[in-house]
>>> print(open('final.json').read())   # JSON, N, CA and C atoms
[["chain", "number", "residue", "atom", "x", "y", "z"],
["F", 1, "MET", "N", 13.20, 8.28, 4.31],
["F", 1, "MET", "CA", 12.06, 8.46, 5.20],
["F", 1, "MET", "C", 10.85, 8.97, 4.44],
["F", 2, "ASN", "N", 11.03, 9.91, 3.50],
["F", 2, "ASN", "CA", 9.89, 10.46, 2.78],
["F", 2, "ASN", "C", 9.12, 9.42, 1.99],
["F", 3, "GLU", "N", 9.84, 8.47, 1.36],
["F", 3, "GLU", "CA", 9.15, 7.42, 0.61],
["F", 3, "GLU", "C", 8.26, 6.60, 1.53],
["F", 4, "PHE", "N", 8.73, 6.32, 2.72],
["F", 4, "PHE", "CA", 7.95, 5.55, 3.68],
["F", 4, "PHE", "C", 6.73, 6.35, 4.13],
["F", 5, "VAL", "N", 6.95, 7.61, 4.45],
["F", 5, "VAL", "CA", 5.87, 8.46, 4.94],
["F", 5, "VAL", "C", 4.83, 8.73, 3.86],
["F", 6, "TYR", "N", 5.28, 8.91, 2.64],
["F", 6, "TYR", "CA", 4.37, 9.28, 1.56],
["F", 6, "TYR", "C", 3.80, 8.09, 0.79],
["F", 7, "ALA", "N", 4.14, 6.87, 1.15],
["F", 7, "ALA", "CA", 3.60, 5.71, 0.45],
["F", 7, "ALA", "C", 2.07, 5.69, 0.43],
["F", 8, "PRO", "N", 1.39, 5.99, 1.55],
["F", 8, "PRO", "CA", -0.08, 6.01, 1.48],
["F", 8, "PRO", "C", -0.62, 7.09, 0.55],
["F", 9, "VAL", "N", 0.11, 8.19, 0.42],
["F", 9, "VAL", "CA", -0.30, 9.26, -0.50],
["F", 9, "VAL", "C", -0.10, 8.80, -1.94],
["F", 10, "MET", "N", 1.05, 8.21, -2.22],
["F", 10, "MET", "CA", 1.36, 7.78, -3.58],
["F", 10, "MET", "C", 0.43, 6.68, -4.06],
["F", 11, "THR", "N", -0.14, 5.91, -3.15],
["F", 11, "THR", "CA", -1.06, 4.85, -3.54],
["F", 11, "THR", "C", -2.52, 5.30, -3.50],
["F", 12, "GLY", "N", -2.75, 6.52, -3.06],
["F", 12, "GLY", "CA", -4.09, 7.08, -3.11],
["F", 12, "GLY", "C", -4.98, 6.80, -1.92],
["F", 13, "ILE", "N", -4.43, 6.23, -0.84],
["F", 13, "ILE", "CA", -5.30, 5.98, 0.31],
["F", 13, "ILE", "C", -5.33, 7.15, 1.30],
["F", 14, "TRP", "N", -4.35, 8.04, 1.20],
["F", 14, "TRP", "CA", -4.34, 9.28, 1.99],
["F", 14, "TRP", "C", -4.14, 10.46, 1.05],
["F", 15, "GLN", "N", -4.48, 11.63, 1.54],
["F", 15, "GLN", "CA", -4.15, 12.86, 0.83],
["F", 15, "GLN", "C", -2.89, 13.45, 1.46],
["F", 16, "GLN", "N", -2.15, 14.21, 0.68],
["F", 16, "GLN", "CA", -0.85, 14.70, 1.13],
["F", 16, "GLN", "C", -0.95, 15.51, 2.42],
["F", 17, "HIS", "N", -1.91, 16.39, 2.54],
["F", 17, "HIS", "CA", -1.99, 17.22, 3.74],
["F", 17, "HIS", "C", -2.25, 16.40, 5.00],
["F", 18, "GLN", "N", -2.83, 15.22, 4.83],
["F", 18, "GLN", "CA", -3.12, 14.38, 5.99],
["F", 18, "GLN", "C", -1.87, 13.79, 6.63],
["F", 19, "VAL", "N", -0.79, 13.78, 5.90],
["F", 19, "VAL", "CA", 0.46, 13.26, 6.45],
["F", 19, "VAL", "C", 0.94, 14.15, 7.60],
["F", 20, "TRP", "N", 0.74, 15.47, 7.48],
["F", 20, "TRP", "CA", 1.32, 16.40, 8.44],
["F", 20, "TRP", "C", 0.30, 17.15, 9.30],
["F", 21, "ASP", "N", -0.99, 17.08, 8.99],
["F", 21, "ASP", "CA", -1.94, 17.90, 9.73],
["F", 21, "ASP", "C", -2.51, 17.23, 10.98],
["F", 22, "GLY", "N", -2.02, 16.06, 11.31],
["F", 22, "GLY", "CA", -2.48, 15.39, 12.52],
["F", 22, "GLY", "C", -3.65, 14.45, 12.30],
["F", 23, "THR", "N", -4.07, 14.30, 11.05],
["F", 23, "THR", "CA", -5.17, 13.37, 10.74],
["F", 23, "THR", "C", -4.78, 11.96, 11.14],
["F", 24, "TYR", "N", -3.55, 11.57, 10.83],
["F", 24, "TYR", "CA", -3.08, 10.22, 11.11],
["F", 24, "TYR", "C", -1.88, 10.24, 12.04],
["F", 25, "THR", "N", -1.73, 9.15, 12.79],
["F", 25, "THR", "CA", -0.61, 9.00, 13.72],
["F", 25, "THR", "C", 0.43, 8.06, 13.12],
["F", 26, "LEU", "N", 1.53, 7.90, 13.82],
["F", 26, "LEU", "CA", 2.55, 6.95, 13.39],
["F", 26, "LEU", "C", 1.97, 5.54, 13.34],
["F", 27, "ASP", "N", 1.13, 5.19, 14.29],
["F", 27, "ASP", "CA", 0.49, 3.88, 14.27],
["F", 27, "ASP", "C", -0.37, 3.72, 13.01],
["F", 28, "ASP", "N", -1.06, 4.78, 12.62],
["F", 28, "ASP", "CA", -1.86, 4.73, 11.39],
["F", 28, "ASP", "C", -0.96, 4.50, 10.18],
["F", 29, "LEU", "N", 0.19, 5.15, 10.18],
["F", 29, "LEU", "CA", 1.13, 4.98, 9.07],
["F", 29, "LEU", "C", 1.60, 3.53, 8.99],
["F", 30, "LEU", "N", 1.93, 2.96, 10.11],
["F", 30, "LEU", "CA", 2.37, 1.56, 10.13],
["F", 30, "LEU", "C", 1.24, 0.64, 9.68],
["F", 31, "ASP", "N", 0.01, 0.92, 10.11],
["F", 31, "ASP", "CA", -1.14, 0.14, 9.66],
["F", 31, "ASP", "C", -1.34, 0.27, 8.16],
["F", 32, "ALA", "N", -1.16, 1.46, 7.63],
["F", 32, "ALA", "CA", -1.31, 1.68, 6.19],
["F", 32, "ALA", "C", -0.29, 0.84, 5.43],
["F", 33, "HIS", "N", 0.92, 0.75, 5.94],
["F", 33, "HIS", "CA", 1.94, -0.06, 5.28],
["F", 33, "HIS", "C", 1.57, -1.54, 5.32],
["F", 34, "GLU", "N", 1.00, -1.99, 6.43],
["F", 34, "GLU", "CA", 0.54, -3.37, 6.49],
["F", 34, "GLU", "C", -0.56, -3.62, 5.47],
["F", 35, "MET", "N", -1.49, -2.68, 5.34],
["F", 35, "MET", "CA", -2.57, -2.82, 4.37],
["F", 35, "MET", "C", -2.01, -2.85, 2.95],
["F", 36, "LEU", "N", -1.01, -2.03, 2.68],
["F", 36, "LEU", "CA", -0.40, -2.03, 1.35],
["F", 36, "LEU", "C", 0.30, -3.35, 1.06],
["F", 37, "GLU", "N", 0.96, -3.92, 2.07],
["F", 37, "GLU", "CA", 1.60, -5.23, 1.88],
["F", 37, "GLU", "C", 0.56, -6.28, 1.51],
["F", 38, "VAL", "N", -0.58, -6.27, 2.18],
["F", 38, "VAL", "CA", -1.64, -7.22, 1.88],
["F", 38, "VAL", "C", -2.16, -6.99, 0.46],
["F", 39, "ARG", "N", -2.37, -5.73, 0.10],
["F", 39, "ARG", "CA", -2.84, -5.41, -1.25],
["F", 39, "ARG", "C", -1.88, -5.94, -2.30],
["F", 40, "TYR", "N", -0.58, -5.69, -2.12],
["F", 40, "TYR", "CA", 0.41, -6.12, -3.10],
["F", 40, "TYR", "C", 0.51, -7.64, -3.17],
["F", 41, "GLU", "N", 0.40, -8.30, -2.03],
["F", 41, "GLU", "CA", 0.44, -9.77, -2.02],
["F", 41, "GLU", "C", -0.78, -10.33, -2.75],
["F", 42, "ASN", "N", -1.95, -9.75, -2.52],
["F", 42, "ASN", "CA", -3.15, -10.21, -3.21],
["F", 42, "ASN", "C", -3.04, -9.99, -4.71],
["F", 43, "GLU", "N", -2.50, -8.85, -5.11],
["F", 43, "GLU", "CA", -2.31, -8.58, -6.53],
["F", 43, "GLU", "C", -1.33, -9.57, -7.15],
["F", 44, "ARG", "N", -0.27, -9.88, -6.42],
["F", 44, "ARG", "CA", 0.72, -10.84, -6.92],
["F", 44, "ARG", "C", 0.08, -12.21, -7.11],
["F", 45, "ARG", "N", -0.69, -12.64, -6.12],
["F", 45, "ARG", "CA", -1.35, -13.94, -6.22],
["F", 45, "ARG", "C", -2.36, -13.98, -7.36],
["F", 46, "ALA", "N", -3.11, -12.91, -7.53],
["F", 46, "ALA", "CA", -4.09, -12.85, -8.62],
["F", 46, "ALA", "C", -3.38, -12.92, -9.97],
["F", 47, "TYR", "N", -2.27, -12.22, -10.09],
["F", 47, "TYR", "CA", -1.49, -12.25, -11.34],
["F", 47, "TYR", "C", -0.99, -13.66, -11.62],
["F", 48, "GLU", "N", -0.45, -14.32, -10.60],
["F", 48, "GLU", "CA", 0.06, -15.67, -10.79],
["F", 48, "GLU", "C", -1.06, -16.64, -11.17],
["F", 49, "ALA", "N", -2.21, -16.50, -10.54],
["F", 49, "ALA", "CA", -3.35, -17.36, -10.87],
["F", 49, "ALA", "C", -3.79, -17.13, -12.31],
["F", 50, "ALA", "N", -3.82, -15.90, -12.75],
["F", 50, "ALA", "CA", -4.20, -15.60, -14.12],
["F", 50, "ALA", "C", -3.19, -16.18, -15.10],
["F", 51, "GLU", "N", -1.92, -16.12, -14.75],
["F", 51, "GLU", "CA", -0.88, -16.69, -15.60],
["F", 51, "GLU", "C", -1.04, -18.20, -15.70],
["F", 52, "ARG", "N", -1.36, -18.86, -14.59],
["F", 52, "ARG", "CA", -1.55, -20.31, -14.63],
["F", 52, "ARG", "C", -2.74, -20.69, -15.50],
["F", 53, "ARG", "N", -3.80, -19.89, -15.47],
["F", 53, "ARG", "CA", -4.98, -20.18, -16.29],
["F", 53, "ARG", "C", -4.68, -20.01, -17.77],
["F", 54, "ARG", "N", -3.78, -19.12, -18.11],
["F", 54, "ARG", "CA", -3.43, -18.87, -19.52],
["F", 54, "ARG", "C", -2.56, -19.97, -20.12],
["F", 55, "GLN", "N", -1.83, -20.65, -19.28],
["F", 55, "GLN", "CA", -0.90, -21.67, -19.77],
["F", 55, "GLN", "C", -1.68, -22.95, -20.12],
["F", 56, "PRO", "N", -1.37, -23.55, -21.26],
["F", 56, "PRO", "CA", -2.08, -24.79, -21.66],
["F", 56, "PRO", "C", -1.69, -25.98, -20.81]]
>>> encode(input="final.json", output="structure tokens")
Amino acid sequence: MNEFVYAPVMTGIWQQHQVWDGTYTLDDLLDAHEMLEVRYENERRAYEAAERRRQP
């Protein structure tokens, strides 16, 4: 559970105290995870595109 809750903190989009001080709700946490999924997918696609450009 902690890894899930602290994922926005570990990626730098939230500060640690915001997890527990009421700044964000459970819905916000779920939204943050969706945003992280999009970020990771975009990074993966960018990496693959760069790899294709490097290949002769």
>>> residues_around(input="final.json", residues="Ala32 (chain F)", least_positions_apart="5", cutoff="7 Å", atoms="all atoms listed in the file", output="PyMOL selection string")
chain F and resi 8+27+37
>>> residues_around(input="final.json", residues="Leu29 (chain F)", least_positions_apart="4", cutoff="8 Å", atoms="all atoms listed in the file", output="VMD selection string")
chain F and resid 4 to 5 8 24 to 25 33 to 35
>>> atom_distance(input="final.json", atom1="CA of Ala46 (chain F)", atom2="CA of Ala7 (chain F)")
22.0 Å
>>> axis_aligned_box(input="final.json", around="region 15-30 of chain F", padding_each_side="4 Å", output="AutoDock Vina command-line options")
--center_x -1.3 --center_y 9.3 --center_z 7.5 --size_x 15.7 --size_y 25.3 --size_z 21.6
>>> select_by_dssp(input="final.json", residues="chain F", states="alpha helix (DSSP H)", output="number ranges by chain")
F: 2-10, 16-20, 26-54
>>> write_last_selection(input="final.json", atoms="N, CA and C atoms", output="CSV table (one decimal), keeping the file's coordinate frame")
chain,number,residue,atom,x,y,z
F,2,ASN,N,11.0,9.9,3.5
F,2,ASN,CA,9.9,10.5,2.8
F,2,ASN,C,9.1,9.4,2.0
F,3,GLU,N,9.8,8.5,1.4
F,3,GLU,CA,9.2,7.4,0.6
F,3,GLU,C,8.3,6.6,1.5
F,4,PHE,N,8.7,6.3,2.7
F,4,PHE,CA,8.0,5.6,3.7
F,4,PHE,C,6.7,6.4,4.1
F,5,VAL,N,7.0,7.6,4.4
F,5,VAL,CA,5.9,8.5,4.9
F,5,VAL,C,4.8,8.7,3.9
F,6,TYR,N,5.3,8.9,2.6
F,6,TYR,CA,4.4,9.3,1.6
F,6,TYR,C,3.8,8.1,0.8
F,7,ALA,N,4.1,6.9,1.2
F,7,ALA,CA,3.6,5.7,0.4
F,7,ALA,C,2.1,5.7,0.4
F,8,PRO,N,1.4,6.0,1.6
F,8,PRO,CA,-0.1,6.0,1.5
F,8,PRO,C,-0.6,7.1,0.6
F,9,VAL,N,0.1,8.2,0.4
F,9,VAL,CA,-0.3,9.3,-0.5
F,9,VAL,C,-0.1,8.8,-1.9
F,10,MET,N,1.0,8.2,-2.2
F,10,MET,CA,1.4,7.8,-3.6
F,10,MET,C,0.4,6.7,-4.1
F,16,GLN,N,-2.2,14.2,0.7
F,16,GLN,CA,-0.8,14.7,1.1
F,16,GLN,C,-1.0,15.5,2.4
F,17,HIS,N,-1.9,16.4,2.5
F,17,HIS,CA,-2.0,17.2,3.7
F,17,HIS,C,-2.2,16.4,5.0
F,18,GLN,N,-2.8,15.2,4.8
F,18,GLN,CA,-3.1,14.4,6.0
F,18,GLN,C,-1.9,13.8,6.6
F,19,VAL,N,-0.8,13.8,5.9
F,19,VAL,CA,0.5,13.3,6.4
F,19,VAL,C,0.9,14.2,7.6
F,20,TRP,N,0.7,15.5,7.5
F,20,TRP,CA,1.3,16.4,8.4
F,20,TRP,C,0.3,17.2,9.3
F,26,LEU,N,1.5,7.9,13.8
F,26,LEU,CA,2.6,7.0,13.4
F,26,LEU,C,2.0,5.5,13.3
F,27,ASP,N,1.1,5.2,14.3
F,27,ASP,CA,0.5,3.9,14.3
F,27,ASP,C,-0.4,3.7,13.0
F,28,ASP,N,-1.1,4.8,12.6
F,28,ASP,CA,-1.9,4.7,11.4
F,28,ASP,C,-1.0,4.5,10.2
F,29,LEU,N,0.2,5.2,10.2
F,29,LEU,CA,1.1,5.0,9.1
F,29,LEU,C,1.6,3.5,9.0
F,30,LEU,N,1.9,3.0,10.1
F,30,LEU,CA,2.4,1.6,10.1
F,30,LEU,C,1.2,0.6,9.7
F,31,ASP,N,0.0,0.9,10.1
F,31,ASP,CA,-1.1,0.1,9.7
F,31,ASP,C,-1.3,0.3,8.2
F,32,ALA,N,-1.2,1.5,7.6
F,32,ALA,CA,-1.3,1.7,6.2
F,32,ALA,C,-0.3,0.8,5.4
F,33,HIS,N,0.9,0.8,5.9
F,33,HIS,CA,1.9,-0.1,5.3
F,33,HIS,C,1.6,-1.5,5.3
F,34,GLU,N,1.0,-2.0,6.4
F,34,GLU,CA,0.5,-3.4,6.5
F,34,GLU,C,-0.6,-3.6,5.5
F,35,MET,N,-1.5,-2.7,5.3
F,35,MET,CA,-2.6,-2.8,4.4
F,35,MET,C,-2.0,-2.8,3.0
F,36,LEU,N,-1.0,-2.0,2.7
F,36,LEU,CA,-0.4,-2.0,1.4
F,36,LEU,C,0.3,-3.4,1.1
F,37,GLU,N,1.0,-3.9,2.1
F,37,GLU,CA,1.6,-5.2,1.9
F,37,GLU,C,0.6,-6.3,1.5
F,38,VAL,N,-0.6,-6.3,2.2
F,38,VAL,CA,-1.6,-7.2,1.9
F,38,VAL,C,-2.2,-7.0,0.5
F,39,ARG,N,-2.4,-5.7,0.1
F,39,ARG,CA,-2.8,-5.4,-1.2
F,39,ARG,C,-1.9,-5.9,-2.3
F,40,TYR,N,-0.6,-5.7,-2.1
F,40,TYR,CA,0.4,-6.1,-3.1
F,40,TYR,C,0.5,-7.6,-3.2
F,41,GLU,N,0.4,-8.3,-2.0
F,41,GLU,CA,0.4,-9.8,-2.0
F,41,GLU,C,-0.8,-10.3,-2.8
F,42,ASN,N,-2.0,-9.8,-2.5
F,42,ASN,CA,-3.2,-10.2,-3.2
F,42,ASN,C,-3.0,-10.0,-4.7
F,43,GLU,N,-2.5,-8.8,-5.1
F,43,GLU,CA,-2.3,-8.6,-6.5
F,43,GLU,C,-1.3,-9.6,-7.2
F,44,ARG,N,-0.3,-9.9,-6.4
F,44,ARG,CA,0.7,-10.8,-6.9
F,44,ARG,C,0.1,-12.2,-7.1
F,45,ARG,N,-0.7,-12.6,-6.1
F,45,ARG,CA,-1.4,-13.9,-6.2
F,45,ARG,C,-2.4,-14.0,-7.4
F,46,ALA,N,-3.1,-12.9,-7.5
F,46,ALA,CA,-4.1,-12.8,-8.6
F,46,ALA,C,-3.4,-12.9,-10.0
F,47,TYR,N,-2.3,-12.2,-10.1
F,47,TYR,CA,-1.5,-12.2,-11.3
F,47,TYR,C,-1.0,-13.7,-11.6
F,48,GLU,N,-0.4,-14.3,-10.6
F,48,GLU,CA,0.1,-15.7,-10.8
F,48,GLU,C,-1.1,-16.6,-11.2
F,49,ALA,N,-2.2,-16.5,-10.5
F,49,ALA,CA,-3.4,-17.4,-10.9
F,49,ALA,C,-3.8,-17.1,-12.3
F,50,ALA,N,-3.8,-15.9,-12.8
F,50,ALA,CA,-4.2,-15.6,-14.1
F,50,ALA,C,-3.2,-16.2,-15.1
F,51,GLU,N,-1.9,-16.1,-14.8
F,51,GLU,CA,-0.9,-16.7,-15.6
F,51,GLU,C,-1.0,-18.2,-15.7
F,52,ARG,N,-1.4,-18.9,-14.6
F,52,ARG,CA,-1.6,-20.3,-14.6
F,52,ARG,C,-2.7,-20.7,-15.5
F,53,ARG,N,-3.8,-19.9,-15.5
F,53,ARG,CA,-5.0,-20.2,-16.3
F,53,ARG,C,-4.7,-20.0,-17.8
F,54,ARG,N,-3.8,-19.1,-18.1
F,54,ARG,CA,-3.4,-18.9,-19.5
F,54,ARG,C,-2.6,-20.0,-20.1
>>> atom_distance(input="final.json", atom1="CA of Ala50 (chain F)", atom2="atom N of Asp31 (chain F)")
29.6 Å
